[in-house]
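Student: My questions all concern the structure below.
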Amino acid sequence: MFAKAFRVRSNTAIKGSDRRKLRADVTAAFPALGTDQASELVPAKEELSIVKLYAHRGDAVTVYVSGGNPVLFELEKNLYPTVYTLWSYPDLLPAFTTWPLVLEKLVGGADLMLPGIVVPPAGLPQVQKGDLCAIVLVGNRAPVAIGVAAMSTSEMLTSGLKGRGFSVLHTYEDHLWRSGDKSSPPFIAPLTLDSPDVSEEKGSVQAGPALQDDMRRLTLEGKEEENGEDQQMRGEKTLPEASEDPGVGGLNPNPADSKTLQEQMDELLQQCFLHALKCRIKKTDLPLLTSTFLGSHVFSCCPEGRQLDIKKSSYKKLSKFLQQMQQEQIIQVKELSKGVESIVAVDWKHPRKGSILEGGEVRMIIINYAKKNDLVDADNKNLVHLDPILCDCILEKSEQHTVMKLPWDSLLTRCLEKLQPAYQVTFPGQEPIVKKGKICPIDITLAQRASNKKVTVVRNLEAYGLDPCTVAATLQQRCQASTTVAPAPGAKDSLQVQIQGNQVHHLGRLLLEEYQLPRKHIQGLEKAPKPGKKK
């Protein structure tokens, strides 16, 4: 409703009688609000104004503004909270969860389709058709939109989570939100870990595919249990250090991340462990107390902005993690004195290839490595000295005795070019699928058959978790045209869908709006028929 700019008719201060009526209307519309909360939302003395406006489609809307932010709006005698209000009262409405990528579509004015809904392990909230609901993102209970349910919960499940789920009225980042202070949603921790993630939630998730591409394989980076204080186990810092470190306080929750916080901590622990072995430990340092290894080396390899907390990992204790690393024959740990363990050997030739990292993570590792090892040129901060490890990783043999420094952009580009491209596709409720190479886009082409009739052909649907037969059946119904599914020429174990006529427009809407696929992964959308010209 507020995807485009609106036109303000009037802006006036609210009268005392209207203020009391509004408070009563709020209490009646939202029984979950207590009397005190309703008084907070509609204060007795603070400034409150009424803004009457026309939405871009001509709807007459009344907006109530408090403290510079729109807190409520009224449409056709129905009262609705804004996202600013829901951030203060996140449990005011039943909430449905979706993916961060879907939010972009909602802000643009799209309704929320059921394939984009994430089903938590506890199941969907129970609502009836026409109920007002909040929409939140995976990993954060702060609402980012409100909408009206297009069907009841039971009907949603009966439909197999297909079709339109919610008519969206207002979203974070729309023009109504922009009329306030434009603050971002706060982080409100989920009541339970209900994010249905590729690896995070393992419930019966029905959401559309969530893609994580541009992944690369990293080949460069390759306390004693409880008696080493809790502070050391968490890698906490002194007060002056903590005041300068934005990462203190735990992992920065990323709603778009598809892993649980425990899985993220496991990965961070292993990353710091391998980084410490590769870059900070020498053979002459052994034997090395495990507590010293953790406090002096592992924690210092933690990327800026993040905090390593072993207790939040699946291992819980350093000794258990090191035992796992010993079983993988990376290190050897012995108790050289009673109750005190030390690392006595490291298999420096142990293979450490195959870790999956995004390009941004690779850049952060290189930047942190250069800074921690004082490789940044003192006279020109844009240059980096190449130590033996960087030389071995990125220089050709002919360069190793002539190239001593590289600019940052050249260093990072060379590192990425040395890594093998890969992509990871994540389907809710399933293990992530990682494949080498680059993901092929969905390919849409037009062909002319012997009968001089055009047909639309689409390939590579399987790579994105789409069943060609299901897509063909959907298009046949929507386009009222015949469809066929046949093996794709020149592709092993792949099918192509053929639809009679130029159906690129219908196909594009299906892939972009319902399946929520990023446009960059679809080629051929420009082949849609152009609107007819007037004669």
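Please note that chains go A, B, ... in the order of the structure tokens, that every chain numbers its residues from 1, and that ligands are numbered from 1 in the order shown.
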Can you pull out every residue within 12 Å of Leu395 in chain A, counting only C-alpha atoms, but drop anything in the same chain fewer than 4 positions away, and send it as a PyMOL selection string?
Tutor: chain A and resi 386-391+399-406+410-411+413-415+417-418
Student: If you count only C-alpha atoms, which residues fall within 9 Å of Ile14 in chain A, apart from same-chain ones fewer than 6 positions away, as a VMD selection string?
Tutor: chain A and resid 47 to 50 64
Student: Within 12 Å of range 491-502 of chain A, counting only C-alpha atoms, which residues show up once you throw out same-chain ones fewer than 2 positions away? Write them as JSON, numbers by chain, please.
Tutor: {"A": [440, 442, 443, 444, 445, 446, 447, 448, 449, 451, 452, 453, 454, 455, 456, 457, 458, 459, 460, 461, 462, 463, 466, 467, 468, 469, 470, 471, 472, 473, 474, 475, 476, 477, 478, 479, 480, 481, 482, 483, 484, 485, 486, 487, 488, 489, 504, 505, 506, 507, 508, 524, 525, 526, 527, 528, 529, 530]}
Student: Counting only C-alpha atoms, what is within 7 Å of range 364-372 of chain A, bar same-chain residues fewer than 4 positions away, as a VMD selection string?
Tutor: chain A and resid 303 360 376
Student: Please provide as a PyMOL selection string all residues within 9 Å of range 72-74 of chain A, with the sequence filter that same-chain residues fewer than 2 positions apart are discarded (counting only C-alpha atoms).
Tutor: chain A and resi 60-65+70+76-82+84-85
Student: For N, CA, C and O atoms, I'd like the residues from the last selection saved as a PDB file, in the first residue's frame.
Tutor:
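Saved the output as part07.pdb:
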ATOM      1  N   ALA A  60      -7.891   6.312   0.961  1.00  0.00           N
ATOM      2  CA  ALA A  60      -7.830   7.325   2.006  1.00  0.00           C
ATOM      3  C   ALA A  60      -7.373   6.665   3.303  1.00  0.00           C
ATOM      4  O   ALA A  60      -8.006   5.737   3.802  1.00  0.00           O
ATOM      5  N   VAL A  61      -6.274   7.150   3.850  1.00  0.00           N
ATOM      6  CA  VAL A  61      -5.666   6.537   5.032  1.00  0.00           C
ATOM      7  C   VAL A  61      -5.455   7.607   6.096  1.00  0.00           C
ATOM      8  O   VAL A  61      -5.065   8.735   5.788  1.00  0.00           O
ATOM      9  N   THR A  62      -5.728   7.244   7.350  1.00  0.00           N
ATOM     10  CA  THR A  62      -5.445   8.119   8.488  1.00  0.00           C
ATOM     11  C   THR A  62      -4.282   7.531   9.271  1.00  0.00           C
ATOM     12  O   THR A  62      -4.315   6.363   9.661  1.00  0.00           O
ATOM     13  N   VAL A  63      -3.263   8.342   9.477  1.00  0.00           N
ATOM     14  CA  VAL A  63      -2.059   7.889  10.176  1.00  0.00           C
ATOM     15  C   VAL A  63      -1.923   8.656  11.482  1.00  0.00           C
ATOM     16  O   VAL A  63      -2.089   9.881  11.514  1.00  0.00           O
ATOM     17  N   TYR A  64      -1.606   7.935  12.570  1.00  0.00           N
ATOM     18  CA  TYR A  64      -1.393   8.552  13.872  1.00  0.00           C
ATOM     19  C   TYR A  64       0.103   8.568  14.156  1.00  0.00           C
ATOM     20  O   TYR A  64       0.773   7.523  14.112  1.00  0.00           O
ATOM     21  N   VAL A  65       0.636   9.763  14.430  1.00  0.00           N
ATOM     22  CA  VAL A  65       2.076   9.959  14.573  1.00  0.00           C
ATOM     23  C   VAL A  65       2.391  10.370  16.001  1.00  0.00           C
ATOM     24  O   VAL A  65       1.798  11.312  16.536  1.00  0.00           O
ATOM     25  N   PRO A  70       5.224   7.240  12.706  1.00  0.00           N
ATOM     26  CA  PRO A  70       3.862   6.724  12.558  1.00  0.00           C
ATOM     27  C   PRO A  70       3.711   5.460  13.415  1.00  0.00           C
ATOM     28  O   PRO A  70       4.516   4.538  13.302  1.00  0.00           O
ATOM     29  N   GLU A  76     -10.334   2.117   6.028  1.00  0.00           N
ATOM     30  CA  GLU A  76     -11.699   1.574   5.995  1.00  0.00           C
ATOM     31  C   GLU A  76     -12.160   1.140   7.377  1.00  0.00           C
ATOM     32  O   GLU A  76     -12.667   0.047   7.586  1.00  0.00           O
ATOM     33  N   LYS A  77     -11.911   2.031   8.366  1.00  0.00           N
ATOM     34  CA  LYS A  77     -12.354   1.859   9.763  1.00  0.00           C
ATOM     35  C   LYS A  77     -11.659   0.696  10.479  1.00  0.00           C
ATOM     36  O   LYS A  77     -12.101   0.283  11.551  1.00  0.00           O
ATOM     37  N   ASN A  78     -10.592   0.182   9.888  1.00  0.00           N
ATOM     38  CA  ASN A  78      -9.784  -0.848  10.550  1.00  0.00           C
ATOM     39  C   ASN A  78      -8.463  -0.240  10.983  1.00  0.00           C
ATOM     40  O   ASN A  78      -7.841   0.522  10.235  1.00  0.00           O
ATOM     41  N   LEU A  79      -8.019  -0.582  12.187  1.00  0.00           N
ATOM     42  CA  LEU A  79      -6.815  -0.007  12.768  1.00  0.00           C
ATOM     43  C   LEU A  79      -5.650  -0.993  12.623  1.00  0.00           C
ATOM     44  O   LEU A  79      -5.802  -2.192  12.895  1.00  0.00           O
ATOM     45  N   TYR A  80      -4.483  -0.491  12.208  1.00  0.00           N
ATOM     46  CA  TYR A  80      -3.319  -1.339  11.984  1.00  0.00           C
ATOM     47  C   TYR A  80      -2.091  -0.734  12.674  1.00  0.00           C
ATOM     48  O   TYR A  80      -1.901   0.496  12.633  1.00  0.00           O
ATOM     49  N   PRO A  81      -1.236  -1.551  13.277  1.00  0.00           N
ATOM     50  CA  PRO A  81       0.019  -1.035  13.834  1.00  0.00           C
ATOM     51  C   PRO A  81       1.078  -0.909  12.746  1.00  0.00           C
ATOM     52  O   PRO A  81       1.058  -1.645  11.760  1.00  0.00           O
ATOM     53  N   THR A  82       2.005   0.005  12.926  1.00  0.00           N
ATOM     54  CA  THR A  82       3.141   0.104  12.007  1.00  0.00           C
ATOM     55  C   THR A  82       4.288  -0.757  12.540  1.00  0.00           C
ATOM     56  O   THR A  82       4.245  -1.265  13.660  1.00  0.00           O
ATOM     57  N   TYR A  84       7.098   0.317  13.469  1.00  0.00           N
ATOM     58  CA  TYR A  84       7.668   0.994  14.631  1.00  0.00           C
ATOM     59  C   TYR A  84       6.984   0.521  15.915  1.00  0.00           C
ATOM     60  O   TYR A  84       7.631   0.299  16.942  1.00  0.00           O
ATOM     61  N   THR A  85       5.660   0.376  15.878  1.00  0.00           N
ATOM     62  CA  THR A  85       4.916  -0.096  17.044  1.00  0.00           C
ATOM     63  C   THR A  85       5.228  -1.563  17.335  1.00  0.00           C
ATOM     64  O   THR A  85       5.434  -1.953  18.487  1.00  0.00           O
TER      65      THR A  85
END
Student: Write out as number ranges by chain the residues lying within 7 Å of range 260-263 of chain A, counting only C-alpha atoms and excluding same-chain residues fewer than 4 positions away.
Tutor: A: 200, 267, 312-314
Student: Rounded to one decimal, what separation in Å do you get between CA of Pro94 in chain A and CA of Met113 in chain A?
Tutor: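 About the pair CA of Pro94 in chain A and CA of Met113 in chain A: they are 16.9 Å apart.
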Student: Please run DSSP on the backbone and report, as a ChimeraX atom specification, all residues within range 326-534 of chain A that come out as strand (DSSP E or B).
Tutor: /A:331-337,340-346,355-358,376,383-385,405-407,421-426,433-436,442-448,454-459,483-487,495-500,522-523
